[in-house]
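Structure data (PDB, C-alpha atoms) from data-v7.pdb:
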ATOM      1  CA  MET R   1      92.592 137.203 149.261
ATOM      2  CA  LYS R   2      92.791 140.976 148.933
ATOM      3  CA  ILE R   3      94.376 142.254 145.754
ATOM      4  CA  SER R   4      96.504 145.402 145.808
ATOM      5  CA  LYS R   5      96.039 148.359 143.483
ATOM      6  CA  GLY R   6      99.392 147.627 141.890
ATOM      7  CA  ALA R   7      98.466 143.996 141.239
ATOM      8  CA  LEU R   8      95.117 145.029 139.733
ATOM      9  CA  ALA R   9      96.890 147.451 137.402
ATOM     10  CA  ALA R  10      99.283 144.671 136.334
ATOM     11  CA  ILE R  11      96.389 142.266 135.633
ATOM     12  CA  ILE R  12      94.578 144.865 133.514
ATOM     13  CA  PHE R  13      97.805 145.730 131.705
ATOM     14  CA  PHE R  14      98.600 142.151 130.687
ATOM     15  CA  PHE R  15      94.967 141.306 129.858
ATOM     16  CA  ILE R  16      94.709 144.254 127.443
ATOM     17  CA  ILE R  17      98.097 143.492 125.888
ATOM     18  CA  ILE R  18      97.302 139.800 125.336
ATOM     19  CA  ALA R  19      93.779 140.396 124.001
ATOM     20  CA  ASP R  20      94.979 143.185 121.701
ATOM     21  CA  GLN R  21      97.855 141.151 120.271
ATOM     22  CA  LEU R  22      95.818 137.967 119.792
ATOM     23  CA  VAL R  23      93.217 139.857 117.749
ATOM     24  CA  LYS R  24      95.862 141.727 115.744
ATOM     25  CA  ILE R  25      97.827 138.581 114.920
ATOM     26  CA  TYR R  26      94.640 136.790 113.856
ATOM     27  CA  ILE R  27      93.598 139.671 111.598
ATOM     28  CA  LYS R  28      97.095 140.031 110.163
ATOM     29  CA  THR R  29      97.367 136.325 109.291
ATOM     30  CA  HIS R  30      93.770 135.703 108.170
ATOM     31  CA  PHE R  31      92.723 138.937 106.400
ATOM     32  CA  PHE R  32      94.331 140.595 103.408
ATOM     33  CA  LEU R  33      94.897 144.340 103.643
ATOM     34  CA  GLY R  34      91.609 146.151 103.043
ATOM     35  CA  GLU R  35      89.437 143.053 103.541
ATOM     36  CA  SER R  36      86.138 143.688 105.296
ATOM     37  CA  VAL R  37      83.791 141.223 106.979
ATOM     38  CA  GLU R  38      80.336 142.386 108.056
ATOM     39  CA  VAL R  39      79.476 141.131 111.543
ATOM     40  CA  THR R  40      76.296 143.199 111.891
ATOM     41  CA  SER R  41      74.835 146.117 109.940
ATOM     42  CA  TRP R  42      76.674 148.492 112.297
ATOM     43  CA  PHE R  43      79.901 146.556 113.013
ATOM     44  CA  ARG R  44      82.551 145.277 110.626
ATOM     45  CA  LEU R  45      86.030 143.811 110.818
ATOM     46  CA  LEU R  46      88.079 145.906 108.403
ATOM     47  CA  PHE R  47      91.827 145.297 108.160
ATOM     48  CA  VAL R  48      93.785 148.534 107.796
ATOM     49  CA  GLU R  49      97.211 149.665 108.958
ATOM     50  CA  ASN R  50      98.601 153.036 109.976
ATOM     51  CA  ASN R  51     101.926 154.606 110.922
ATOM     52  CA  GLY R  52     100.638 156.982 113.543
ATOM     53  CA  MET R  53      98.679 157.283 116.721
ATOM     54  CA  ALA R  54      95.262 156.084 117.886
ATOM     55  CA  PHE R  55      92.397 155.822 115.374
ATOM     56  CA  GLY R  56      94.726 156.052 112.387
ATOM     57  CA  MET R  57      95.977 159.594 112.994
ATOM     58  CA  GLU R  58      99.439 160.237 111.605
ATOM     59  CA  PHE R  59     102.033 162.956 112.115
ATOM     60  CA  GLY R  60     105.782 163.388 112.309
ATOM     61  CA  SER R  61     108.622 160.902 111.956
ATOM     62  CA  LYS R  62     107.780 157.235 112.427
ATOM     63  CA  LEU R  63     110.907 156.524 114.479
ATOM     64  CA  PHE R  64     110.443 159.648 116.620
ATOM     65  CA  LEU R  65     106.803 158.774 117.291
ATOM     66  CA  THR R  66     107.680 155.228 118.369
ATOM     67  CA  LEU R  67     110.505 156.361 120.655
ATOM     68  CA  LEU R  68     108.269 159.066 122.151
ATOM     69  CA  ARG R  69     105.604 156.454 122.928
ATOM     70  CA  ILE R  70     108.163 154.249 124.667
ATOM     71  CA  VAL R  71     109.399 157.127 126.825
ATOM     72  CA  VAL R  72     105.851 158.185 127.776
ATOM     73  CA  VAL R  73     104.835 154.626 128.677
ATOM     74  CA  ALA R  74     107.979 154.167 130.776
ATOM     75  CA  LEU R  75     107.282 157.408 132.664
ATOM     76  CA  ILE R  76     103.654 156.445 133.351
ATOM     77  CA  ILE R  77     104.678 152.990 134.603
ATOM     78  CA  TYR R  78     107.283 154.585 136.884
ATOM     79  CA  TYR R  79     104.650 157.026 138.174
ATOM     80  CA  MET R  80     102.216 154.158 138.843
ATOM     81  CA  TRP R  81     104.922 152.284 140.750
ATOM     82  CA  ARG R  82     105.642 155.304 142.924
ATOM     83  CA  ILE R  83     101.982 155.983 143.829
ATOM     84  CA  ARG R  84     100.778 152.376 144.119
ATOM     85  CA  LYS R  85     100.558 152.503 147.942
ATOM     86  CA  SER R  86      99.618 156.143 148.384
ATOM     87  CA  PRO R  87      96.705 156.511 150.871
ATOM     88  CA  GLN R  88      95.049 159.062 148.571
ATOM     89  CA  LEU R  89      95.077 156.704 145.588
ATOM     90  CA  LYS R  90      91.653 155.552 144.351
ATOM     91  CA  TRP R  91      91.134 152.216 142.626
ATOM     92  CA  GLY R  92      89.502 153.827 139.600
ATOM     93  CA  TYR R  93      92.428 156.164 139.038
ATOM     94  CA  MET R  94      94.838 153.238 138.938
ATOM     95  CA  VAL R  95      92.534 151.384 136.532
ATOM     96  CA  CYS R  96      92.442 154.408 134.205
ATOM     97  CA  LEU R  97      96.233 154.637 134.173
ATOM     98  CA  ALA R  98      96.528 150.896 133.543
ATOM     99  CA  LEU R  99      94.152 151.122 130.554
ATOM    100  CA  ILE R 100      96.058 154.056 129.062
ATOM    101  CA  VAL R 101      99.513 152.545 129.476
ATOM    102  CA  ALA R 102      98.375 149.101 128.258
ATOM    103  CA  GLY R 103      96.793 150.593 125.152
ATOM    104  CA  ALA R 104      99.893 152.620 124.359
ATOM    105  CA  ALA R 105     102.129 149.587 124.919
ATOM    106  CA  GLY R 106      99.923 147.457 122.664
ATOM    107  CA  ASN R 107     100.453 149.812 119.735
ATOM    108  CA  ILE R 108     104.155 150.123 120.545
ATOM    109  CA  ILE R 109     104.516 146.365 120.018
ATOM    110  CA  ASP R 110     103.149 146.759 116.479
ATOM    111  CA  SER R 111     105.424 149.695 115.704
ATOM    112  CA  VAL R 112     108.573 148.062 117.050
ATOM    113  CA  PHE R 113     108.185 144.424 115.964
ATOM    114  CA  TYR R 114     105.525 143.917 113.275
ATOM    115  CA  GLY R 115     107.755 145.091 110.437
ATOM    116  CA  VAL R 116     110.282 142.407 111.373
ATOM    117  CA  ILE R 117     107.987 139.444 112.103
ATOM    118  CA  PHE R 118     105.441 139.859 109.271
ATOM    119  CA  ASN R 119     105.700 140.178 105.509
ATOM    120  CA  ASN R 120     103.368 142.410 103.517
ATOM    121  CA  PRO R 121     102.019 140.561 100.469
ATOM    122  CA  MET R 122      99.728 142.120  97.906
ATOM    123  CA  PRO R 123      95.988 141.354  98.333
ATOM    124  CA  PRO R 124      94.336 138.887  98.238
ATOM    125  CA  HIS R 125      97.268 137.123  99.935
ATOM    126  CA  VAL R 126      97.521 137.305 103.725
ATOM    127  CA  ALA R 127     100.632 138.036 105.756
ATOM    128  CA  GLU R 128     102.899 135.281 107.035
ATOM    129  CA  MET R 129     104.382 135.360 110.523
ATOM    130  CA  PHE R 130     108.192 134.964 110.635
ATOM    131  CA  PRO R 131     108.546 134.644 106.839
ATOM    132  CA  ALA R 132     111.675 133.040 105.433
ATOM    133  CA  ASP R 133     112.467 136.135 103.365
ATOM    134  CA  GLY R 134     112.157 138.483 106.334
ATOM    135  CA  GLY R 135     109.694 141.179 107.260
ATOM    136  CA  TYR R 136     108.435 144.240 105.429
ATOM    137  CA  ALA R 137     110.290 146.886 107.478
ATOM    138  CA  PRO R 138     113.194 147.269 109.932
ATOM    139  CA  LEU R 139     112.830 147.337 113.705
ATOM    140  CA  PHE R 140     110.837 150.349 114.989
ATOM    141  CA  HIS R 141     109.180 150.907 111.603
ATOM    142  CA  GLY R 142     106.230 148.509 111.776
ATOM    143  CA  ARG R 143     102.651 149.595 111.119
ATOM    144  CA  VAL R 144      99.837 149.448 113.664
ATOM    145  CA  VAL R 145      97.031 146.982 112.860
ATOM    146  CA  ASP R 146      93.435 148.258 113.115
ATOM    147  CA  MET R 147      90.262 146.277 112.516
ATOM    148  CA  LEU R 148      87.264 147.495 114.548
ATOM    149  CA  TYR R 149      84.877 149.539 112.403
ATOM    150  CA  PHE R 150      81.512 150.822 113.566
ATOM    151  CA  PRO R 151      79.597 152.607 110.763
ATOM    152  CA  LEU R 152      76.628 153.224 113.073
ATOM    153  CA  PHE R 153      74.575 155.451 110.783
ATOM    154  CA  SER R 154      74.861 157.745 107.779
ATOM    155  CA  PHE R 155      72.905 160.472 106.043
ATOM    156  CA  TYR R 156      73.189 163.247 103.480
ATOM    157  CA  TRP R 157      73.357 166.820 104.702
ATOM    158  CA  PRO R 158      70.436 168.964 103.459
ATOM    159  CA  ASP R 159      71.317 171.110 100.475
ATOM    160  CA  TRP R 160      70.696 174.297 102.447
ATOM    161  CA  VAL R 161      73.526 173.586 104.930
ATOM    162  CA  PRO R 162      76.472 175.899 104.064
ATOM    163  CA  PHE R 163      79.654 174.299 102.653
ATOM    164  CA  ILE R 164      78.586 170.664 103.338
ATOM    165  CA  GLY R 165      75.090 170.619 101.830
ATOM    166  CA  GLY R 166      74.518 167.419  99.850
ATOM    167  CA  ASP R 167      77.621 165.714 101.282
ATOM    168  CA  HIS R 168      77.422 162.226 102.736
ATOM    169  CA  PHE R 169      78.065 161.915 106.489
ATOM    170  CA  LEU R 170      79.037 158.634 108.154
ATOM    171  CA  PHE R 171      79.238 158.090 111.910
ATOM    172  CA  PHE R 172      81.557 156.521 113.154
ATOM    173  CA  GLN R 173      84.352 156.518 110.532
ATOM    174  CA  PRO R 174      87.633 155.726 112.365
ATOM    175  CA  VAL R 175      88.930 152.156 112.318
ATOM    176  CA  PHE R 176      90.632 151.234 115.588
ATOM    177  CA  ASN R 177      91.839 148.341 117.750
ATOM    178  CA  ILE R 178      91.528 147.127 121.349
ATOM    179  CA  ALA R 179      94.568 149.174 122.383
ATOM    180  CA  ASP R 180      92.990 152.365 121.006
ATOM    181  CA  ALA R 181      89.758 151.581 122.846
ATOM    182  CA  ALA R 182      91.638 151.062 126.128
ATOM    183  CA  ILE R 183      93.413 154.420 125.734
ATOM    184  CA  SER R 184      90.147 156.228 124.959
ATOM    185  CA  VAL R 185      88.196 154.655 127.837
ATOM    186  CA  GLY R 186      91.050 155.359 130.255
ATOM    187  CA  ILE R 187      91.438 159.008 129.228
ATOM    188  CA  ILE R 188      87.690 159.750 129.185
ATOM    189  CA  ALA R 189      87.118 158.133 132.593
ATOM    190  CA  LEU R 190      90.183 159.906 133.988
ATOM    191  CA  ILE R 191      88.913 163.301 132.860
ATOM    192  CA  LEU R 192      85.324 162.726 133.967
ATOM    193  CA  PHE R 193      85.862 161.046 137.327
ATOM    194  CA  TYR R 194      89.466 161.167 138.513
ATOM    195  CA  SER R 195      91.079 164.401 137.311
ATOM    196  CA  SER R 196      91.401 165.564 140.930
ATOM    197  CA  GLN R 197      93.586 162.544 141.693
ATOM    198  CA  ILE R 198      96.435 163.919 139.590
ATOM    199  CA  SER R 199      97.165 166.566 142.219
ATOM    200  CA  ALA R 200      95.760 164.684 145.236
ATOM    201  CA  VAL R 201      97.985 161.603 145.005
ATOM    202  CA  LYS R 202     101.340 162.268 146.615
ATOM    203  CA  ILE R 203     104.597 160.694 145.482
ATOM    204  CA  THR R 204     106.856 159.907 148.433
ATOM    205  CA  GLU R 205     110.226 158.244 148.765
ATOM    206  CA  LYS R 206     108.586 155.420 150.714
ATOM    207  CA  PRO R 207     104.923 154.369 150.322
ATOM    208  CA  ALA R 208     102.691 155.185 153.282
ATOM    209  CA  GLU R 209     102.209 151.527 154.269
ATOM    210  CA  GLU R 210     105.957 150.951 154.433
ATOM    211  CA  ASN R 211     106.484 154.056 156.559
ATOM    212  CA  SER R 212     103.783 152.985 159.041
ATOM    213  CA  ALA R 213     105.277 149.485 159.245
ATOM    214  CA  GLU R 214     108.626 150.916 160.312
ATOM    215  CA  LYS R 215     107.144 152.855 163.248
TER     216      LYS R 215
END

Transcribe the structure of this file into structure tokens.
Amino acid sequence: MKISKGALAAIIFFFIIIADQLVKIYIKTHFFLGESVEVTSWFRLLFVENNGMAFGMEFGSKLFLTLLRIVVVALIIYYMWRIRKSPQLKWGYMVCLALIVAGAAGNIIDSVFYGVIFNNPMPPHVAEMFPADGGYAPLFHGRVVDMLYFPLFSFYWPDWVPFIGGDHFLFFQPVFNIADAAISVGIIALILFYSSQISAVKITEKPAEENSAEK
């Protein structure tokens, strides 16, 4: 059975969403905020939350940022629907778009719903899902759950290095989640391998396969 590009994108989308949310819900209900578990010397599960974009970056109004994400995701999904049967469309390009939109949607779920469905107890207590006393924030004001931390290596800069001499350097510092990883992989692959597709893929009123079927 041959799978279509649109169906593949849908499978990737729902797989990323489900995996991302399962891990986030587990961390939220089994770790207290700030708790860290060492898996290996270079990988830890570290429960942190943020109000902003991927990898803990923050800027602007929380409500504006959430609404902007929803609009962007809706536009990308609409674009994917319109190009799904374009003859110029490559499989990899559709996969990249699916990864990006799934990752963005995964973090949108946190921002929209997590404040309502979770409480926010003080450590060392862990959060409860659907608490009797209600959540920690109103709709659209939830915080994004991050947990993947890869402190791969660290060193001290030599004293002779201007401005940062003697400072400690750690690589890789950001704490992120599966949704962030999907966005990053999708964007990097899109830039490296499929940037030409943005202009090559044509959006038509009727997909090419439907037009040929009518002739």

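In this structure, CA of Leu75 (chain R) sits 24.6 Å away from CA of Phe176 (chain R).
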
Next item on the list: Just the residues within 8 Å of region 150-158 of chain R, please, counting only C-alpha atoms, with nothing from its chain fewer than 3 positions along; format it as a ChimeraX atom specification.
Entry: /R:41-44,161,164-175

Check: With distances taken over all atoms listed in the file, which of R:Ile187, R:Ala127, R:Val145, R:Ala137 is nearest to His30 (chain R)?
Finding: R:Ala127

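With distances restricted to only C-alpha atoms, R:Gln88 is the closest residue to Tyr194 (chain R) from R:Asn107, R:Gln88, R:Asn120, R:Ser61.
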
Next item on the list: Kindly extract all protein, DNA and RNA residues lying within 7 Å of the coordinates (98.0, 148.6, 112.2) given in the file, considering all atoms listed in the file, and supply them as a list in words.
Entry: Val48, Glu49, Asn50, Asp110, Arg143, Val144, Val145 and Asp146 of chain R

How would the residues just picked look written out with C-alpha atoms as a PDB file, in the coordinates of the input?
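Heads up, here's the output in out.pdb:
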ATOM      1  CA  VAL R  48      93.785 148.534 107.796  1.00  0.00           C
ATOM      2  CA  GLU R  49      97.211 149.665 108.958  1.00  0.00           C
ATOM      3  CA  ASN R  50      98.601 153.036 109.976  1.00  0.00           C
ATOM      4  CA  ASP R 110     103.149 146.759 116.479  1.00  0.00           C
ATOM      5  CA  ARG R 143     102.651 149.595 111.119  1.00  0.00           C
ATOM      6  CA  VAL R 144      99.837 149.448 113.664  1.00  0.00           C
ATOM      7  CA  VAL R 145      97.031 146.982 112.860  1.00  0.00           C
ATOM      8  CA  ASP R 146      93.435 148.258 113.115  1.00  0.00           C
TER       9      ASP R 146
END

Axis-aligned box for region 30-48 of chain R, 6 Å per side, centre and edges in Å as JSON:
{"center_x": 84.9, "center_y": 142.1, "center_z": 108.0, "size_x": 32.1, "size_y": 24.8, "size_z": 22.0}

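Counting all atoms listed in the file and comparing R:Ala9, R:Ile198, R:Ile117, R:Phe15, the residue that lies closest to Gly142 (chain R) is R:Ile117.
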
Next item on the list: Taking the file as shown, find all residues satisfying the PyMOL selection byres ((chain R and resi 17-21) around 10) and write them as a VMD selection string.
Entry: chain R and resid 11 to 16 22 to 27 99 101 to 107 109 to 110 145 177 to 182

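Nearest to Trp91 (chain R) of all the residues R:Ser195, R:Ser36, R:Ser4, R:Ser184 is R:Ser4, counting only C-alpha atoms.
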
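Nearest-residue note for Phe113 (chain R): choosing from R:Leu33, R:Ile183, R:Met94, R:Met129, the minimum distance belongs to R:Met129, counting all atoms listed in the file.
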
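Closest to His125 (chain R) among R:His141, R:Lys28, R:Arg84, R:Arg69 is R:Lys28, based on only C-alpha atoms.
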
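The space between CA of Asn119 (chain R) and CA of Asp133 (chain R) spans 8.2 Å.
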
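One finds CA of Ile76 (chain R) at 12.9 Å from CA of Ala10 (chain R).
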
Next item on the list: Might you pull out every residue within 7 Å of Thr66 (chain R), with all atoms listed in the file counted and same-chain residues fewer than 5 positions away left off, and present them as a PyMOL selection string?
Entry: chain R and resi 108+111+140

From the coordinates I just gave you, please extract region 20-46 of chain R so that only C-alpha atoms remain, then output it as a tab-separated table (two decimals), in the first residue's frame.
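Saved as result.tsv:
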chain	number	residue	atom	x	y	z
R	20	ASP	CA	6.11	14.85	23.31
R	21	GLN	CA	3.00	14.99	25.49
R	22	LEU	CA	3.53	11.57	27.08
R	23	VAL	CA	7.05	12.54	28.17
R	24	LYS	CA	5.93	15.97	29.40
R	25	ILE	CA	3.02	14.58	31.42
R	26	TYR	CA	5.28	11.94	32.98
R	27	ILE	CA	7.89	14.54	33.94
R	28	LYS	CA	5.26	16.94	35.24
R	29	THR	CA	3.62	14.31	37.46
R	30	HIS	CA	6.75	12.45	38.62
R	31	PHE	CA	9.42	15.18	39.00
R	32	PHE	CA	9.32	18.26	41.19
R	33	LEU	CA	10.37	21.53	39.58
R	34	GLY	CA	14.17	21.65	39.34
R	35	GLU	CA	14.65	17.92	39.98
R	36	SER	CA	17.47	16.32	38.01
R	37	VAL	CA	18.14	12.65	37.31
R	38	GLU	CA	21.46	11.63	35.77
R	39	VAL	CA	20.96	9.08	32.99
R	40	THR	CA	24.58	9.16	31.78
R	41	SER	CA	27.51	11.49	32.44
R	42	TRP	CA	26.42	13.55	29.42
R	43	PHE	CA	22.60	13.26	29.59
R	44	ARG	CA	20.21	14.23	32.37
R	45	LEU	CA	16.48	14.61	32.86
R	46	LEU	CA	16.07	18.07	34.36
